[in-house]
$ cat input_22.tsv   # TSV, C-alpha atoms
chain	number	residue	atom	x	y	z
A	1	MET	CA	-46.18	14.22	-29.86
A	2	SER	CA	-43.96	11.89	-27.82
A	3	GLN	CA	-42.12	13.11	-24.71
A	4	ARG	CA	-38.81	12.66	-26.52
A	5	LEU	CA	-39.89	14.87	-29.39
A	6	GLN	CA	-41.29	17.48	-26.99
A	7	MET	CA	-37.97	17.68	-25.14
A	8	LEU	CA	-36.05	17.83	-28.41
A	9	GLN	CA	-38.27	20.67	-29.57
A	10	VAL	CA	-37.37	22.62	-26.45
A	11	ALA	CA	-33.68	21.67	-26.47
A	12	ARG	CA	-33.38	23.10	-30.00
A	13	LEU	CA	-34.26	26.52	-28.58
A	14	ALA	CA	-31.09	26.49	-26.48
A	15	ARG	CA	-29.19	27.71	-29.52
A	16	ARG	CA	-30.80	31.12	-29.03
A	17	THR	CA	-28.92	31.51	-25.76
A	18	LEU	CA	-25.78	29.56	-26.65
A	19	GLY	CA	-25.09	31.39	-29.89
A	20	GLU	CA	-21.63	30.44	-31.19
A	21	ALA	CA	-21.04	28.39	-28.04
A	22	ALA	CA	-23.33	25.74	-29.55
A	23	ASP	CA	-20.30	24.65	-31.59
A	24	LEU	CA	-18.47	23.95	-28.32
A	25	VAL	CA	-21.29	21.67	-27.21
A	26	VAL	CA	-21.12	19.74	-30.47
A	27	SER	CA	-17.36	19.38	-30.07
A	28	PHE	CA	-17.79	18.04	-26.53
A	29	LEU	CA	-20.43	15.55	-27.65
A	30	ASP	CA	-18.26	14.43	-30.56
A	31	SER	CA	-15.39	13.90	-28.12
A	32	CYS	CA	-17.55	11.33	-26.28
A	33	ALA	CA	-17.66	9.09	-29.37
A	34	ALA	CA	-16.16	5.64	-28.89
A	35	PRO	CA	-13.96	4.34	-31.75
A	36	GLY	CA	-16.09	1.23	-32.30
A	37	GLY	CA	-19.42	3.00	-32.14
A	38	GLY	CA	-21.66	4.43	-29.46
A	39	TYR	CA	-20.70	7.12	-26.98
A	40	ARG	CA	-18.74	6.87	-23.76
A	41	ASN	CA	-19.87	7.13	-20.15
A	42	ARG	CA	-17.92	8.81	-17.37
A	43	GLY	CA	-15.69	5.79	-17.11
A	44	GLY	CA	-14.66	6.11	-20.76
A	45	ARG	CA	-16.54	3.00	-21.95
A	46	PRO	CA	-19.22	2.81	-24.68
A	47	ASP	CA	-22.56	2.99	-22.89
A	48	LEU	CA	-26.05	2.65	-24.34
A	49	TYR	CA	-27.55	4.94	-21.69
A	50	TYR	CA	-25.12	7.77	-22.46
A	51	THR	CA	-25.37	7.05	-26.18
A	52	SER	CA	-29.10	7.77	-26.14
A	53	PHE	CA	-28.57	11.16	-24.47
A	54	THR	CA	-25.66	12.07	-26.75
A	55	LEU	CA	-27.64	11.27	-29.88
A	56	ASP	CA	-30.58	13.39	-28.75
A	57	ALA	CA	-28.31	16.30	-27.87
A	58	LEU	CA	-26.73	16.10	-31.32
A	59	VAL	CA	-30.20	15.96	-32.90
A	60	ALA	CA	-31.19	19.08	-30.97
A	61	LEU	CA	-28.14	20.90	-32.32
A	62	ASP	CA	-28.67	19.64	-35.89
A	63	ALA	CA	-25.27	17.94	-35.74
A	64	LEU	CA	-26.11	14.24	-35.91
A	65	ALA	CA	-25.63	13.72	-39.65
A	66	ASN	CA	-22.37	15.66	-40.01
A	67	ASP	CA	-20.14	12.57	-40.13
A	68	ARG	CA	-21.24	9.65	-42.30
A	69	ASP	CA	-18.62	7.29	-40.88
A	70	ARG	CA	-19.71	8.11	-37.33
A	71	ALA	CA	-23.35	7.56	-38.31
A	72	LYS	CA	-22.48	4.10	-39.65
A	73	HIS	CA	-20.49	3.24	-36.53
A	74	THR	CA	-23.46	4.32	-34.40
A	75	ARG	CA	-25.92	2.15	-36.32
A	76	ASP	CA	-23.53	-0.80	-36.15
A	77	TYR	CA	-23.25	-0.29	-32.39
A	78	LEU	CA	-27.04	-0.23	-31.95
A	79	ASP	CA	-27.49	-3.15	-34.32
A	80	ALA	CA	-25.23	-5.31	-32.14
A	81	PHE	CA	-27.83	-5.23	-29.36
A	82	GLY	CA	-30.40	-6.95	-31.59
A	83	ALA	CA	-33.87	-6.80	-30.04
A	84	GLY	CA	-32.39	-6.06	-26.63
A	85	ASP	CA	-32.78	-9.57	-25.23
A	86	GLY	CA	-29.64	-9.26	-23.12
A	87	LEU	CA	-30.55	-5.85	-21.71
A	88	ASP	CA	-32.36	-4.80	-18.57
A	89	PHE	CA	-35.52	-2.70	-18.80
A	90	VAL	CA	-33.82	0.69	-18.57
A	91	HIS	CA	-31.32	-0.15	-21.30
A	92	ARG	CA	-34.03	-1.62	-23.54
A	93	CYS	CA	-35.77	1.73	-23.32
A	94	CYS	CA	-32.46	3.47	-24.07
A	95	LEU	CA	-32.06	1.27	-27.14
A	96	ALA	CA	-35.53	2.28	-28.33
A	97	ARG	CA	-34.69	5.93	-27.76
A	98	ALA	CA	-31.38	5.64	-29.59
A	99	TRP	CA	-33.00	3.98	-32.60
A	100	ALA	CA	-35.58	6.80	-32.67
A	101	SER	CA	-32.75	9.17	-33.62
A	102	GLN	CA	-31.87	7.04	-36.65
A	103	PRO	CA	-33.60	6.73	-40.05
A	104	ALA	CA	-36.66	4.51	-39.59
A	105	ASP	CA	-35.66	2.22	-42.47
A	106	ASP	CA	-32.47	1.21	-40.63
A	107	PHE	CA	-34.44	-0.53	-37.86
A	108	PRO	CA	-35.92	-3.85	-39.08
A	109	ALA	CA	-39.58	-4.42	-38.24
A	110	GLU	CA	-38.98	-7.77	-36.57
A	111	ARG	CA	-36.34	-6.26	-34.30
A	112	ARG	CA	-38.69	-3.43	-33.40
A	113	ALA	CA	-41.36	-6.00	-32.52
A	114	GLY	CA	-38.90	-7.92	-30.36
A	115	LEU	CA	-37.89	-4.80	-28.48
A	116	LEU	CA	-41.55	-3.89	-27.94
A	117	ALA	CA	-42.22	-7.35	-26.52
A	118	GLY	CA	-39.29	-6.98	-24.13
A	119	VAL	CA	-40.64	-3.67	-22.82
A	120	ALA	CA	-44.16	-5.09	-22.50
A	121	ARG	CA	-42.87	-7.93	-20.30
A	122	GLN	CA	-42.11	-5.41	-17.58
A	123	ARG	CA	-45.77	-4.75	-16.92
A	124	ALA	CA	-46.61	-5.11	-13.23
A	125	THR	CA	-49.66	-6.79	-11.76
A	126	ASP	CA	-51.34	-3.43	-11.04
A	127	GLY	CA	-51.10	-2.39	-14.71
A	128	GLY	CA	-48.11	-0.11	-14.36
A	129	TYR	CA	-44.50	-0.85	-15.32
A	130	ASN	CA	-41.51	-1.67	-13.17
A	131	SER	CA	-37.82	-2.15	-13.93
A	132	ARG	CA	-38.13	-5.45	-12.05
A	133	ALA	CA	-39.97	-8.10	-14.07
A	134	GLY	CA	-42.94	-9.72	-12.34
A	135	ALA	CA	-43.42	-6.91	-9.84
A	136	ALA	CA	-46.77	-6.53	-8.14
A	137	ARG	CA	-46.71	-2.75	-8.41
A	138	GLY	CA	-45.43	-0.35	-11.02
A	139	THR	CA	-43.29	2.71	-10.42
A	140	VAL	CA	-43.53	6.23	-11.83
A	141	TYR	CA	-40.16	5.81	-13.51
A	142	GLY	CA	-41.18	2.44	-14.97
A	143	CYS	CA	-44.42	3.85	-16.40
A	144	PHE	CA	-42.61	6.89	-17.79
A	145	LEU	CA	-39.93	4.79	-19.48
A	146	ALA	CA	-42.46	2.35	-20.94
A	147	MET	CA	-44.64	5.14	-22.34
A	148	ASN	CA	-41.61	6.77	-23.95
A	149	ALA	CA	-40.35	3.47	-25.36
A	150	PHE	CA	-43.74	2.67	-26.89
A	151	ALA	CA	-43.79	6.11	-28.54
A	152	ASP	CA	-40.19	5.74	-29.77
A	153	LEU	CA	-41.10	2.34	-31.23
A	154	LYS	CA	-44.16	3.76	-33.01
A	155	ARG	CA	-46.70	2.00	-30.80
A	156	PRO	CA	-48.54	4.75	-28.90
A	157	LEU	CA	-51.16	3.57	-26.42
A	158	VAL	CA	-54.87	4.09	-27.01
A	159	GLU	CA	-55.91	6.62	-24.36
A	160	SER	CA	-59.18	4.81	-23.64
A	161	GLY	CA	-57.70	1.31	-23.71
A	162	PRO	CA	-57.18	-0.97	-20.70
A	163	GLU	CA	-53.39	-0.65	-20.82
A	164	ALA	CA	-53.60	3.12	-20.57
A	165	GLU	CA	-56.14	2.80	-17.76
A	166	GLY	CA	-53.75	0.54	-15.86
A	167	ILE	CA	-50.83	2.95	-16.19
A	168	ALA	CA	-52.96	5.93	-15.16
A	169	ALA	CA	-54.28	4.08	-12.11
A	170	CYS	CA	-50.75	3.06	-11.15
A	171	ILE	CA	-49.53	6.66	-11.40
A	172	GLN	CA	-52.43	7.94	-9.33
A	173	SER	CA	-51.70	5.38	-6.60
A	174	LEU	CA	-48.11	6.61	-6.23
A	175	ARG	CA	-48.87	10.18	-5.22
A	176	ALA	CA	-47.07	11.12	-2.01
A	177	ALA	CA	-48.73	12.59	1.06
A	178	ASP	CA	-47.30	16.09	0.39
A	179	GLY	CA	-48.90	16.31	-3.07
A	180	GLY	CA	-45.92	15.40	-5.22
A	181	TRP	CA	-45.09	11.95	-6.54
A	182	SER	CA	-42.66	9.36	-5.30
A	183	ASN	CA	-41.30	6.48	-7.32
A	184	ALA	CA	-42.67	4.10	-4.69
A	185	GLY	CA	-46.05	4.11	-3.01
A	186	ASP	CA	-47.10	5.33	0.44
A	187	GLN	CA	-44.34	7.92	0.82
A	188	PRO	CA	-44.60	11.14	2.88
A	189	GLU	CA	-42.73	13.28	0.34
A	190	GLY	CA	-42.47	13.37	-3.43
A	191	SER	CA	-39.42	14.06	-5.57
A	192	THR	CA	-39.07	16.57	-8.38
A	193	THR	CA	-38.10	14.01	-11.01
A	194	ALA	CA	-40.87	11.55	-10.10
A	195	THR	CA	-43.44	14.35	-10.04
A	196	ALA	CA	-42.33	15.65	-13.44
A	197	ALA	CA	-42.42	12.10	-14.85
A	198	ALA	CA	-45.92	11.54	-13.43
A	199	ILE	CA	-47.13	14.79	-15.02
A	200	ALA	CA	-45.63	13.85	-18.39
A	201	THR	CA	-47.16	10.36	-18.27
A	202	LEU	CA	-50.63	11.55	-17.27
A	203	ARG	CA	-50.60	14.17	-20.00
A	204	SER	CA	-49.46	11.61	-22.58
A	205	LEU	CA	-52.42	9.48	-21.56
A	206	GLY	CA	-54.83	12.41	-21.85
A	207	ARG	CA	-55.51	12.36	-18.10
A	208	PRO	CA	-55.91	15.47	-15.95
A	209	VAL	CA	-53.13	16.49	-13.60
A	210	PRO	CA	-54.42	17.12	-10.05
A	211	HIS	CA	-54.76	20.71	-8.90
A	212	GLY	CA	-51.86	22.06	-6.92
A	213	VAL	CA	-49.08	19.99	-8.47
A	214	GLY	CA	-47.62	23.01	-10.26
A	215	GLU	CA	-47.38	24.86	-6.95
A	216	TRP	CA	-45.66	21.82	-5.42
A	217	LEU	CA	-43.02	22.01	-8.15
A	218	LEU	CA	-42.58	25.76	-7.77
A	219	ALA	CA	-41.88	25.21	-4.09
A	220	ARG	CA	-38.80	23.21	-5.07
A	221	ARG	CA	-37.20	26.35	-6.53
A	222	HIS	CA	-33.92	27.22	-4.86
A	223	PRO	CA	-33.37	30.91	-3.91
A	224	ALA	CA	-30.12	30.96	-5.90
A	225	GLY	CA	-31.81	29.52	-8.99
A	226	GLY	CA	-32.58	26.03	-10.21
A	227	PHE	CA	-34.74	23.38	-8.58
A	228	THR	CA	-33.93	20.86	-5.88
A	229	ALA	CA	-34.62	17.14	-6.09
A	230	ALA	CA	-36.81	16.98	-2.97
A	231	PRO	CA	-38.13	19.25	-0.19
A	232	GLU	CA	-35.13	18.71	2.10
A	233	THR	CA	-32.40	18.68	-0.57
A	234	PRO	CA	-30.01	21.58	0.12
A	235	ILE	CA	-28.73	22.37	-3.39
A	236	PRO	CA	-30.36	22.47	-6.84
A	237	ASP	CA	-29.35	20.22	-9.71
A	238	LEU	CA	-29.63	20.40	-13.49
A	239	LEU	CA	-31.82	17.32	-13.99
A	240	SER	CA	-34.43	18.53	-11.48
A	241	THR	CA	-34.30	22.01	-13.01
A	242	ALA	CA	-34.80	20.81	-16.59
A	243	VAL	CA	-37.70	18.47	-15.81
A	244	ALA	CA	-39.36	20.94	-13.44
A	245	LEU	CA	-39.32	23.70	-16.07
A	246	HIS	CA	-40.59	21.22	-18.66
A	247	ALA	CA	-43.49	20.20	-16.43
A	248	LEU	CA	-44.32	23.76	-15.39
A	249	ASP	CA	-44.49	24.90	-19.01
A	250	ALA	CA	-46.66	21.89	-19.87
A	251	LEU	CA	-49.05	22.87	-17.08
A	252	GLU	CA	-48.84	26.56	-18.09
A	253	VAL	CA	-47.77	27.52	-14.57
A	254	PRO	CA	-46.02	30.92	-14.55
A	255	TRP	CA	-42.38	30.82	-13.44
A	256	ARG	CA	-40.57	33.29	-15.70
A	257	GLU	CA	-40.28	35.99	-13.07
A	258	HIS	CA	-37.40	33.75	-11.92
A	259	ARG	CA	-35.90	33.39	-15.40
A	260	GLU	CA	-32.72	35.37	-14.69
A	261	SER	CA	-31.89	33.35	-11.58
A	262	MET	CA	-32.48	30.17	-13.60
A	263	LEU	CA	-30.07	31.34	-16.28
A	264	ASP	CA	-27.52	32.30	-13.62
A	265	PHE	CA	-27.78	28.84	-12.08
A	266	ILE	CA	-27.40	27.09	-15.43
A	267	ASP	CA	-24.38	29.27	-16.17
A	268	THR	CA	-22.67	28.11	-12.96
A	269	LEU	CA	-22.75	24.54	-14.33
A	270	TRP	CA	-21.37	25.44	-17.78
A	271	THR	CA	-17.80	24.49	-18.64
A	272	ALA	CA	-15.38	26.02	-21.12
A	273	GLU	CA	-15.27	22.71	-23.01
A	274	GLY	CA	-18.96	23.05	-23.96
A	275	ALA	CA	-20.62	20.76	-21.43
A	276	PHE	CA	-22.60	20.95	-18.19
A	277	HIS	CA	-22.07	19.62	-14.69
A	278	GLY	CA	-25.05	18.04	-12.92
A	279	SER	CA	-24.82	20.22	-9.81
A	280	TRP	CA	-22.41	22.33	-7.77
A	281	ALA	CA	-21.17	19.11	-6.13
A	282	ASP	CA	-20.45	17.40	-9.47
A	283	ASP	CA	-16.85	17.53	-10.65
A	284	GLU	CA	-17.26	15.94	-14.08
A	285	PRO	CA	-19.56	17.01	-16.93
A	286	ASP	CA	-21.16	14.39	-19.15
A	287	ALA	CA	-23.50	13.99	-22.13
A	288	GLU	CA	-26.59	13.27	-20.03
A	289	TYR	CA	-26.37	16.51	-18.08
A	290	THR	CA	-25.38	18.38	-21.22
A	291	PHE	CA	-28.66	17.26	-22.78
A	292	TYR	CA	-30.56	18.45	-19.70
A	293	GLY	CA	-28.63	21.70	-19.88
A	294	LEU	CA	-29.96	22.19	-23.40
A	295	VAL	CA	-33.52	21.47	-22.23
A	296	ALA	CA	-33.26	23.92	-19.31
A	297	LEU	CA	-31.74	26.61	-21.54
A	298	GLY	CA	-34.43	25.98	-24.12
A	299	HIS	CA	-37.18	26.71	-21.62
A	300	CYS	CA	-35.37	29.83	-20.45
A	301	SER	CA	-34.96	30.98	-24.06
A	302	VAL	CA	-38.71	31.28	-24.65

$ encode --input "input_22.tsv" --output "structure tokens"
Amino acid sequence: MSQRLQMLQVARLARRTLGEAADLVVSFLDSCAAPGGGYRNRGGRPDLYYTSFTLDALVALDALANDRDRAKHTRDYLDAFGAGDGLDFVHRCCLARAWASQPADDFPAERRAGLLAGVARQRATDGGYNSRAGAARGTVYGCFLAMNAFADLKRPLVESGPEAEGIAACIQSLRAADGGWSNAGDQPEGSTTATAAAIATLRSLGRPVPHGVGEWLLARRHPAGGFTAAPETPIPDLLSTAVALHALDALEVPWREHRESMLDFIDTLWTAEGAFHGSWADDEPDAEYTFYGLVALGHCSV
């Protein structure tokens, strides 16, 4: 199962905790819709990155197909990007993710092939993937995005193949000195998001995750609930919390003795309009963090 589908499976469980408030989340997500298609970013403009998160959040809440006109506008918006030739690597991967939420027959095979080729061009010399074309070394984020895009485009990698070997070797080379992972090599400390992405990528490739990584993630738990982005980060955030819980559950590392504090932290980021802030320092909720709120709640609902 792809990483996207795994996260969606968990995000669906958030409805157990949200109850009737799930309707508020759908209303907030619907309010992000742009008149000409796609969904808006914080600046109020249609944005492919935010569109991909909004679509997945609506899928998780079984609300994507409620409006046929909106569905058509969304497909028209995605269709305008063609095979993603004018997009950077991150947005190509967002386009793949957004199309994965749509009926497969709506995405022409030749366009799928073109998008795949665009993602493949980001392969680095060391066998990993980098958002910068022609890079000598891949990054954790680049490998994670490429793996997800390949899965979204129905081209999973063969675990024993040379491409998978290259990605795995790249990931292994990026482990930080403290036992976590950093997005760049030769770093003294890892970050929560890079470590969670490395775990997800290694598991997708059928590779073992080194011993002790789960404990490294648990050490990022904040006393007031949630997880911090790095060892010296003073406050927790919703993205780090969602991906840390996702990785810990994948590794079967016990954390649920802290479940109540996690729920309390998530609740502090909830808004009456049905959305989530990214952290205590974030003044504006958005669709991306609302999706991560669903993922975090889903893990706490089990």

$ residues_around --input "input_22.tsv" --residues "Leu115 (chain A)" --least-positions-apart "5" --cutoff "12 Å" --atoms "only C-alpha atoms" --output "JSON, numbers by chain"
{"A": [81, 82, 83, 84, 85, 86, 87, 88, 89, 91, 92, 93, 94, 95, 96, 97, 99, 107, 108, 109, 110, 120, 121, 122, 146, 149, 150, 152, 153, 154, 155]}

$ write_last_selection --input "input_22.tsv" --atoms "C-alpha atoms" --output "JSON list (two decimals), keeping the file's coordinate frame"
[["chain", "number", "residue", "atom", "x", "y", "z"],
["A", 81, "PHE", "CA", -27.83, -5.23, -29.36],
["A", 82, "GLY", "CA", -30.40, -6.95, -31.59],
["A", 83, "ALA", "CA", -33.87, -6.80, -30.04],
["A", 84, "GLY", "CA", -32.39, -6.06, -26.63],
["A", 85, "ASP", "CA", -32.78, -9.57, -25.23],
["A", 86, "GLY", "CA", -29.64, -9.26, -23.12],
["A", 87, "LEU", "CA", -30.55, -5.85, -21.71],
["A", 88, "ASP", "CA", -32.36, -4.80, -18.57],
["A", 89, "PHE", "CA", -35.52, -2.70, -18.80],
["A", 91, "HIS", "CA", -31.32, -0.15, -21.30],
["A", 92, "ARG", "CA", -34.03, -1.62, -23.54],
["A", 93, "CYS", "CA", -35.77, 1.73, -23.32],
["A", 94, "CYS", "CA", -32.46, 3.47, -24.07],
["A", 95, "LEU", "CA", -32.06, 1.27, -27.14],
["A", 96, "ALA", "CA", -35.53, 2.28, -28.33],
["A", 97, "ARG", "CA", -34.69, 5.93, -27.76],
["A", 99, "TRP", "CA", -33.00, 3.98, -32.60],
["A", 107, "PHE", "CA", -34.44, -0.53, -37.86],
["A", 108, "PRO", "CA", -35.92, -3.85, -39.08],
["A", 109, "ALA", "CA", -39.58, -4.42, -38.24],
["A", 110, "GLU", "CA", -38.98, -7.77, -36.57],
["A", 120, "ALA", "CA", -44.16, -5.09, -22.50],
["A", 121, "ARG", "CA", -42.87, -7.93, -20.30],
["A", 122, "GLN", "CA", -42.11, -5.41, -17.58],
["A", 146, "ALA", "CA", -42.46, 2.35, -20.94],
["A", 149, "ALA", "CA", -40.35, 3.47, -25.36],
["A", 150, "PHE", "CA", -43.74, 2.67, -26.89],
["A", 152, "ASP", "CA", -40.19, 5.74, -29.77],
["A", 153, "LEU", "CA", -41.10, 2.34, -31.23],
["A", 154, "LYS", "CA", -44.16, 3.76, -33.01],
["A", 155, "ARG", "CA", -46.70, 2.00, -30.80]]

$ residues_around --input "input_22.tsv" --residues "Gly274 (chain A)" --least-positions-apart "6" --cutoff "10 Å" --atoms "all atoms listed in the file" --output "list in words"
Leu18, Ala21, Ala22, Asp23, Leu24, Val25, Val26, Ser27, Phe28, Leu29, Pro285 and Thr290 of chain A

$ atom_distance --input "input_22.tsv" --atom1 "CA of Ala169 (chain A)" --atom2 "CA of Ala194 (chain A)"
15.5 Å

$ atom_distance --input "input_22.tsv" --atom1 "CA of Tyr292 (chain A)" --atom2 "CA of Gly278 (chain A)"
8.7 Å

$ atom_distance --input "input_22.tsv" --atom1 "CA of Met147 (chain A)" --atom2 "CA of Gly161 (chain A)"
13.7 Å

$ closest_residue --input "input_22.tsv" --among "A:Arg221, A:Ala33, A:Tyr49, A:Leu61" --to "Gly19 (chain A)" --atoms "only C-alpha atoms"
A:Leu61

$ residues_around --input "input_22.tsv" --residues "region 296-302 of chain A" --least-positions-apart "5" --cutoff "8 Å" --atoms "only C-alpha atoms" --output "PyMOL selection string"
chain A and resi 10-17+238+241-243+245-246+249+256+259+262-263+266

$ write_last_selection --input "input_22.tsv" --atoms "C-alpha atoms" --output "PDB file, keeping the file's coordinate frame"
ATOM      1  CA  VAL A  10     -37.370  22.620 -26.450  1.00  0.00           C
ATOM      2  CA  ALA A  11     -33.680  21.670 -26.470  1.00  0.00           C
ATOM      3  CA  ARG A  12     -33.380  23.100 -30.000  1.00  0.00           C
ATOM      4  CA  LEU A  13     -34.260  26.520 -28.580  1.00  0.00           C
ATOM      5  CA  ALA A  14     -31.090  26.490 -26.480  1.00  0.00           C
ATOM      6  CA  ARG A  15     -29.190  27.710 -29.520  1.00  0.00           C
ATOM      7  CA  ARG A  16     -30.800  31.120 -29.030  1.00  0.00           C
ATOM      8  CA  THR A  17     -28.920  31.510 -25.760  1.00  0.00           C
ATOM      9  CA  LEU A 238     -29.630  20.400 -13.490  1.00  0.00           C
ATOM     10  CA  THR A 241     -34.300  22.010 -13.010  1.00  0.00           C
ATOM     11  CA  ALA A 242     -34.800  20.810 -16.590  1.00  0.00           C
ATOM     12  CA  VAL A 243     -37.700  18.470 -15.810  1.00  0.00           C
ATOM     13  CA  LEU A 245     -39.320  23.700 -16.070  1.00  0.00           C
ATOM     14  CA  HIS A 246     -40.590  21.220 -18.660  1.00  0.00           C
ATOM     15  CA  ASP A 249     -44.490  24.900 -19.010  1.00  0.00           C
ATOM     16  CA  ARG A 256     -40.570  33.290 -15.700  1.00  0.00           C
ATOM     17  CA  ARG A 259     -35.900  33.390 -15.400  1.00  0.00           C
ATOM     18  CA  MET A 262     -32.480  30.170 -13.600  1.00  0.00           C
ATOM     19  CA  LEU A 263     -30.070  31.340 -16.280  1.00  0.00           C
ATOM     20  CA  ILE A 266     -27.400  27.090 -15.430  1.00  0.00           C
TER      21      ILE A 266
END

$ closest_residue --input "input_22.tsv" --among "A:Glu189, A:Glu215, A:Glu252, A:Asp126" --to "Ile167 (chain A)" --atoms "all atoms listed in the file"
A:Asp126

$ residues_around --input "input_22.tsv" --residues "region 227-236 of chain A" --least-positions-apart "4" --cutoff "7 Å" --atoms "all atoms listed in the file" --output "compact mmCIF listing (two decimals) with C-alpha atoms, in the frame of the given file"
# COMPACT_ATOMS: atom_id res chain seq x y z
CA GLY A 190 -42.47 13.37 -3.43
CA SER A 191 -39.42 14.06 -5.57
CA THR A 192 -39.07 16.57 -8.38
CA THR A 193 -38.10 14.01 -11.01
CA ARG A 220 -38.80 23.21 -5.07
CA ARG A 221 -37.20 26.35 -6.53
CA HIS A 222 -33.92 27.22 -4.86
CA SER A 240 -34.43 18.53 -11.48
CA THR A 241 -34.30 22.01 -13.01
CA SER A 279 -24.82 20.22 -9.81

$ residues_around --input "input_22.tsv" --residues "region 206-213 of chain A" --least-positions-apart "4" --cutoff "10 Å" --atoms "all atoms listed in the file" --output "NGL selection string"
:A and (158-160 or 164-165 or 168 or 172 or 178-181 or 195-196 or 198-202 or 217-219 or 247-248 or 251 or 253)

$ closest_residue --input "input_22.tsv" --among "A:Ala151, A:Ile171, A:Val90, A:Leu116" --to "Ala197 (chain A)" --atoms "only C-alpha atoms"
A:Ile171

$ residues_near_point --input "input_22.tsv" --point "(-28.9, 14.7, -21.5)" --cutoff "8 Å" --atoms "all atoms listed in the file" --output "PyMOL selection string"
chain A and resi 50+53-54+56-57+287-294

$ closest_residue --input "input_22.tsv" --among "A:Leu174, A:Leu55, A:Ala133, A:Leu5" --to "Arg40 (chain A)" --atoms "all atoms listed in the file"
A:Leu55
